[in-house]
Amino acid sequence: MSVQITFVQDWDGQEVVAQAEIGETLVQVAGRAGVVIQQTCGGAPSCTDCRVKVLEGQNDGFEPLEFAEKNLMGNVYFLTHERLACQAVVRGSSKVIVYKRVRREKEKVVLKNKAK
Ligand code: FES
């Protein structure tokens with residue numbers, strides 16, 4: 001079954017809409033849609049760089065947090081609505097904010113490539 005994930009860039013409000021399959025991680029969906037989410041630890045999880053904020057689908061968009069994610073993010077999801085994109089498993093449609101710091105990393109890569 002296919003659901004819809006909307007990624008909102010927090011620096012300019014631009015939205016990217018992607019189709020997702022139940023059971024995929026948010027990082028997998030973002031990668032296919034061309035949305036850059038920084039993953040310093042490669043999904044170990046240990047870095048929390050892949051943090052996103054869930055705007056819609058907070059209760060039914062994702063599987064509940066498991067121990068590793070709770071251990072890093074704390075037990076305050078009901079307040080922050082932030083998830084680790086590498087750990088958040090899709091179970092329904094949602095809308096999430098991708099933070100600006102991810103864009104900075106992307107810009108560094110672009111700038112580095114332009115310098116060559
Ligand atoms: S990529 Fe490091 S915690 Fe998700």
# chains A, B, ... in the order shown; residues from 1 in each chain; ligands from 1
$ select_by_dssp --residues "chain A" --states "strand (DSSP E)" --output "list in words"
Ser2, Val3, Gln4, Ile5, Thr6, Phe7, Val8, Gln9, Glu15, Val16, Val17, Ala18, Gln19, Ala20, Glu21, Arg51, Val52, Lys53, Val54, Leu55, Glu56, Glu82, Arg83, Leu84, Ser94, Lys95, Val96, Ile97 and Val98 of chain A
$ residues_near_ligand --ligand "ligand 1" --cutoff "9 Å" --atoms "only C-alpha atoms and all ligand atoms" --output "mmCIF file with C-alpha atoms, in the first residue's frame"
data_model
loop_
_atom_site.group_PDB
_atom_site.id
_atom_site.type_symbol
_atom_site.label_atom_id
_atom_site.label_comp_id
_atom_site.auth_asym_id
_atom_site.auth_seq_id
_atom_site.Cartn_x
_atom_site.Cartn_y
_atom_site.Cartn_z
ATOM 1 C CA VAL A 27 15.382 8.358 4.959
ATOM 2 C CA ILE A 37 18.728 14.434 4.968
ATOM 3 C CA GLN A 38 22.117 14.436 6.652
ATOM 4 C CA GLN A 39 23.152 11.059 8.069
ATOM 5 C CA THR A 40 26.518 11.344 9.757
ATOM 6 C CA CYS A 41 26.266 7.956 11.480
ATOM 7 C CA GLY A 42 24.621 6.198 8.539
ATOM 8 C CA GLY A 43 21.615 5.179 10.627
ATOM 9 C CA ALA A 44 23.574 3.474 13.438
ATOM 10 C CA PRO A 45 21.788 5.450 15.146
ATOM 11 C CA SER A 46 24.052 7.772 17.119
ATOM 12 C CA CYS A 47 24.293 11.274 15.565
ATOM 13 C CA THR A 48 20.676 12.634 15.552
ATOM 14 C CA ASP A 49 21.592 14.681 12.443
ATOM 15 C CA CYS A 50 18.657 13.153 10.566
ATOM 16 C CA ARG A 51 16.146 14.729 12.974
ATOM 17 C CA GLU A 69 15.572 6.273 19.006
ATOM 18 C CA LEU A 72 18.822 9.474 21.634
ATOM 19 C CA LEU A 84 15.018 10.411 13.516
ATOM 20 C CA ALA A 85 14.446 9.958 9.797
ATOM 21 C CA CYS A 86 16.718 6.900 9.746
ATOM 22 C CA GLN A 87 14.569 5.181 12.393
#
$ closest_residue --among "A:Gln4, A:Glu63, A:Gln14, A:Val29" --to "A:Ile97" --atoms "only C-alpha atoms"
A:Gln14
$ closest_residue --among "A:Glu82, A:Val76, A:Val3, A:Ala88" --to "A:Pro64" --atoms "only C-alpha atoms"
A:Ala88
$ closest_residue --among "A:His81, A:Gly23, A:Val52, A:Val16" --to "A:Val35" --atoms "only C-alpha atoms"
A:Val16
$ residues_around --residues "A:Asn59" --least-positions-apart "2" --cutoff "12 Å" --atoms "only C-alpha atoms" --output "JSON, numbers by chain"
{"A": [54, 55, 56, 57, 61, 62, 63, 64, 65, 77, 78, 81, 90, 91, 92, 93, 94, 95]}
$ write_last_selection --atoms "N, CA and C atoms" --output "compact mmCIF listing (two decimals), in the first residue's frame"
# COMPACT_ATOMS: atom_id res chain seq x y z
N VAL A 54 7.69 16.28 12.78
CA VAL A 54 6.47 15.76 12.17
C VAL A 54 5.34 16.77 12.36
N LEU A 55 4.82 17.29 11.24
CA LEU A 55 3.72 18.27 11.29
C LEU A 55 2.36 17.60 11.21
N GLU A 56 2.25 16.60 10.33
CA GLU A 56 0.99 15.87 10.16
C GLU A 56 1.32 14.38 10.20
N GLY A 57 0.43 13.59 10.76
CA GLY A 57 0.68 12.16 10.90
C GLY A 57 1.44 11.84 12.17
N GLY A 61 1.30 8.30 11.44
CA GLY A 61 2.17 8.33 10.26
C GLY A 61 3.36 7.38 10.35
N PHE A 62 3.75 7.07 11.59
CA PHE A 62 4.96 6.25 11.78
C PHE A 62 4.75 5.22 12.89
N GLU A 63 5.56 4.17 12.82
CA GLU A 63 5.57 3.19 13.91
C GLU A 63 6.09 3.91 15.16
N PRO A 64 5.70 3.46 16.34
CA PRO A 64 6.18 4.09 17.57
C PRO A 64 7.71 4.03 17.69
N LEU A 65 8.29 4.97 18.44
CA LEU A 65 9.73 4.99 18.67
C LEU A 65 10.17 3.70 19.35
N TYR A 77 8.57 12.92 22.69
CA TYR A 77 8.01 13.05 21.34
C TYR A 77 6.67 13.78 21.36
N PHE A 78 5.87 13.54 22.40
CA PHE A 78 4.55 14.18 22.47
C PHE A 78 4.67 15.70 22.56
N HIS A 81 7.58 16.39 18.79
CA HIS A 81 7.15 15.78 17.54
C HIS A 81 8.33 15.60 16.58
N VAL A 90 7.57 4.23 8.20
CA VAL A 90 6.29 4.74 7.67
C VAL A 90 5.16 3.74 7.87
N ARG A 91 4.03 4.24 8.37
CA ARG A 91 2.82 3.40 8.41
C ARG A 91 1.59 4.16 7.92
N GLY A 92 1.80 5.45 7.52
CA GLY A 92 0.69 6.23 6.99
C GLY A 92 1.22 7.51 6.38
N SER A 93 0.33 8.32 5.85
CA SER A 93 0.74 9.59 5.25
C SER A 93 1.19 10.56 6.33
N SER A 94 2.10 11.46 5.95
CA SER A 94 2.59 12.45 6.92
C SER A 94 3.18 13.65 6.20
N LYS A 95 3.46 14.68 7.00
CA LYS A 95 4.16 15.87 6.51
C LYS A 95 5.23 16.17 7.54
$ select_by_dssp --residues "chain A" --states "helix (DSSP H, G or I)" --output "ChimeraX atom specification"
/A:26-33,67-73,77-80,100-115
$ write_last_selection --atoms "N, CA and C atoms" --output "JSON list (two decimals), in the first residue's frame"
[["chain", "number", "residue", "atom", "x", "y", "z"],
["A", 26, "LEU", "N", 11.91, 6.84, 6.73],
["A", 26, "LEU", "CA", 11.76, 8.18, 6.16],
["A", 26, "LEU", "C", 12.99, 8.54, 5.31],
["A", 27, "VAL", "N", 14.16, 8.10, 5.72],
["A", 27, "VAL", "CA", 15.38, 8.36, 4.96],
["A", 27, "VAL", "C", 15.30, 7.70, 3.57],
["A", 28, "GLN", "N", 14.78, 6.50, 3.50],
["A", 28, "GLN", "CA", 14.65, 5.82, 2.21],
["A", 28, "GLN", "C", 13.72, 6.61, 1.29],
["A", 29, "VAL", "N", 12.62, 7.08, 1.82],
["A", 29, "VAL", "CA", 11.65, 7.84, 1.01],
["A", 29, "VAL", "C", 12.28, 9.16, 0.55],
["A", 30, "ALA", "N", 12.95, 9.85, 1.48],
["A", 30, "ALA", "CA", 13.58, 11.13, 1.15],
["A", 30, "ALA", "C", 14.62, 10.94, 0.05],
["A", 31, "GLY", "N", 15.44, 9.92, 0.18],
["A", 31, "GLY", "CA", 16.48, 9.68, -0.81],
["A", 31, "GLY", "C", 15.92, 9.48, -2.20],
["A", 32, "ARG", "N", 14.84, 8.72, -2.30],
["A", 32, "ARG", "CA", 14.21, 8.48, -3.60],
["A", 32, "ARG", "C", 13.62, 9.76, -4.17],
["A", 33, "ALA", "N", 13.16, 10.66, -3.28],
["A", 33, "ALA", "CA", 12.52, 11.91, -3.72],
["A", 33, "ALA", "C", 13.53, 13.03, -3.97],
["A", 67, "PHE", "N", 13.60, 1.56, 21.23],
["A", 67, "PHE", "CA", 14.55, 1.92, 22.28],
["A", 67, "PHE", "C", 15.68, 2.81, 21.79],
["A", 68, "ALA", "N", 16.33, 2.47, 20.69],
["A", 68, "ALA", "CA", 17.51, 3.22, 20.23],
["A", 68, "ALA", "C", 17.15, 4.68, 19.95],
["A", 69, "GLU", "N", 16.00, 4.91, 19.32],
["A", 69, "GLU", "CA", 15.57, 6.27, 19.01],
["A", 69, "GLU", "C", 15.17, 7.02, 20.28],
["A", 70, "LYS", "N", 14.44, 6.36, 21.16],
["A", 70, "LYS", "CA", 14.06, 6.99, 22.44],
["A", 70, "LYS", "C", 15.29, 7.35, 23.24],
["A", 71, "ASN", "N", 16.29, 6.49, 23.20],
["A", 71, "ASN", "CA", 17.52, 6.70, 23.94],
["A", 71, "ASN", "C", 18.22, 7.98, 23.48],
["A", 72, "LEU", "N", 18.17, 8.28, 22.19],
["A", 72, "LEU", "CA", 18.82, 9.47, 21.63],
["A", 72, "LEU", "C", 17.95, 10.72, 21.73],
["A", 73, "MET", "N", 16.67, 10.57, 21.51],
["A", 73, "MET", "CA", 15.78, 11.72, 21.41],
["A", 73, "MET", "C", 15.07, 12.04, 22.73],
["A", 77, "TYR", "N", 8.57, 12.92, 22.69],
["A", 77, "TYR", "CA", 8.01, 13.05, 21.34],
["A", 77, "TYR", "C", 6.67, 13.78, 21.36],
["A", 78, "PHE", "N", 5.87, 13.54, 22.40],
["A", 78, "PHE", "CA", 4.55, 14.18, 22.47],
["A", 78, "PHE", "C", 4.67, 15.70, 22.56],
["A", 79, "LEU", "N", 5.85, 16.21, 22.93],
["A", 79, "LEU", "CA", 6.08, 17.66, 22.99],
["A", 79, "LEU", "C", 6.79, 18.17, 21.74],
["A", 80, "THR", "N", 7.86, 17.49, 21.33],
["A", 80, "THR", "CA", 8.70, 17.99, 20.23],
["A", 80, "THR", "C", 8.20, 17.55, 18.87],
["A", 100, "LYS", "N", 17.10, 23.35, 8.37],
["A", 100, "LYS", "CA", 18.06, 24.12, 7.58],
["A", 100, "LYS", "C", 19.48, 23.57, 7.67],
["A", 101, "ARG", "N", 19.88, 23.06, 8.84],
["A", 101, "ARG", "CA", 21.26, 22.58, 8.97],
["A", 101, "ARG", "C", 21.58, 21.51, 7.94],
["A", 102, "VAL", "N", 20.57, 20.74, 7.53],
["A", 102, "VAL", "CA", 20.77, 19.75, 6.49],
["A", 102, "VAL", "C", 21.13, 20.45, 5.19],
["A", 103, "ARG", "N", 20.45, 21.59, 4.92],
["A", 103, "ARG", "CA", 20.72, 22.35, 3.70],
["A", 103, "ARG", "C", 22.15, 22.87, 3.70],
["A", 104, "ARG", "N", 22.62, 23.32, 4.87],
["A", 104, "ARG", "CA", 23.99, 23.83, 4.93],
["A", 104, "ARG", "C", 24.99, 22.77, 4.48],
["A", 105, "GLU", "N", 24.77, 21.54, 4.92],
["A", 105, "GLU", "CA", 25.67, 20.47, 4.51],
["A", 105, "GLU", "C", 25.59, 20.27, 3.00],
["A", 106, "LYS", "N", 24.40, 20.37, 2.45],
["A", 106, "LYS", "CA", 24.23, 20.21, 1.01],
["A", 106, "LYS", "C", 24.95, 21.34, 0.28],
["A", 107, "GLU", "N", 24.83, 22.57, 0.82],
["A", 107, "GLU", "CA", 25.50, 23.71, 0.21],
["A", 107, "GLU", "C", 27.02, 23.54, 0.23],
["A", 108, "LYS", "N", 27.54, 22.97, 1.32],
["A", 108, "LYS", "CA", 28.98, 22.74, 1.40],
["A", 108, "LYS", "C", 29.43, 21.83, 0.26],
["A", 109, "VAL", "N", 28.65, 20.79, 0.01],
["A", 109, "VAL", "CA", 28.99, 19.86, -1.07],
["A", 109, "VAL", "C", 28.95, 20.59, -2.40],
["A", 110, "VAL", "N", 27.90, 21.40, -2.61],
["A", 110, "VAL", "CA", 27.75, 22.14, -3.87],
["A", 110, "VAL", "C", 28.93, 23.10, -4.04],
["A", 111, "LEU", "N", 29.25, 23.83, -2.95],
["A", 111, "LEU", "CA", 30.36, 24.78, -3.02],
["A", 111, "LEU", "C", 31.68, 24.07, -3.29],
["A", 112, "LYS", "N", 31.87, 22.91, -2.65],
["A", 112, "LYS", "CA", 33.09, 22.15, -2.85],
["A", 112, "LYS", "C", 33.19, 21.70, -4.32],
["A", 113, "ASN", "N", 32.06, 21.25, -4.87],
["A", 113, "ASN", "CA", 32.05, 20.81, -6.26],
["A", 113, "ASN", "C", 32.30, 21.96, -7.22],
["A", 114, "LYS", "N", 31.79, 23.16, -6.90],
["A", 114, "LYS", "CA", 32.00, 24.32, -7.77],
["A", 114, "LYS", "C", 33.45, 24.75, -7.77],
["A", 115, "ALA", "N", 34.14, 24.51, -6.65],
["A", 115, "ALA", "CA", 35.54, 24.92, -6.53],
["A", 115, "ALA", "C", 36.46, 24.06, -7.38]]
$ atom_distance --atom1 "atom CA of A:Ile5" --atom2 "atom CA of A:Tyr99"
15.8 Å
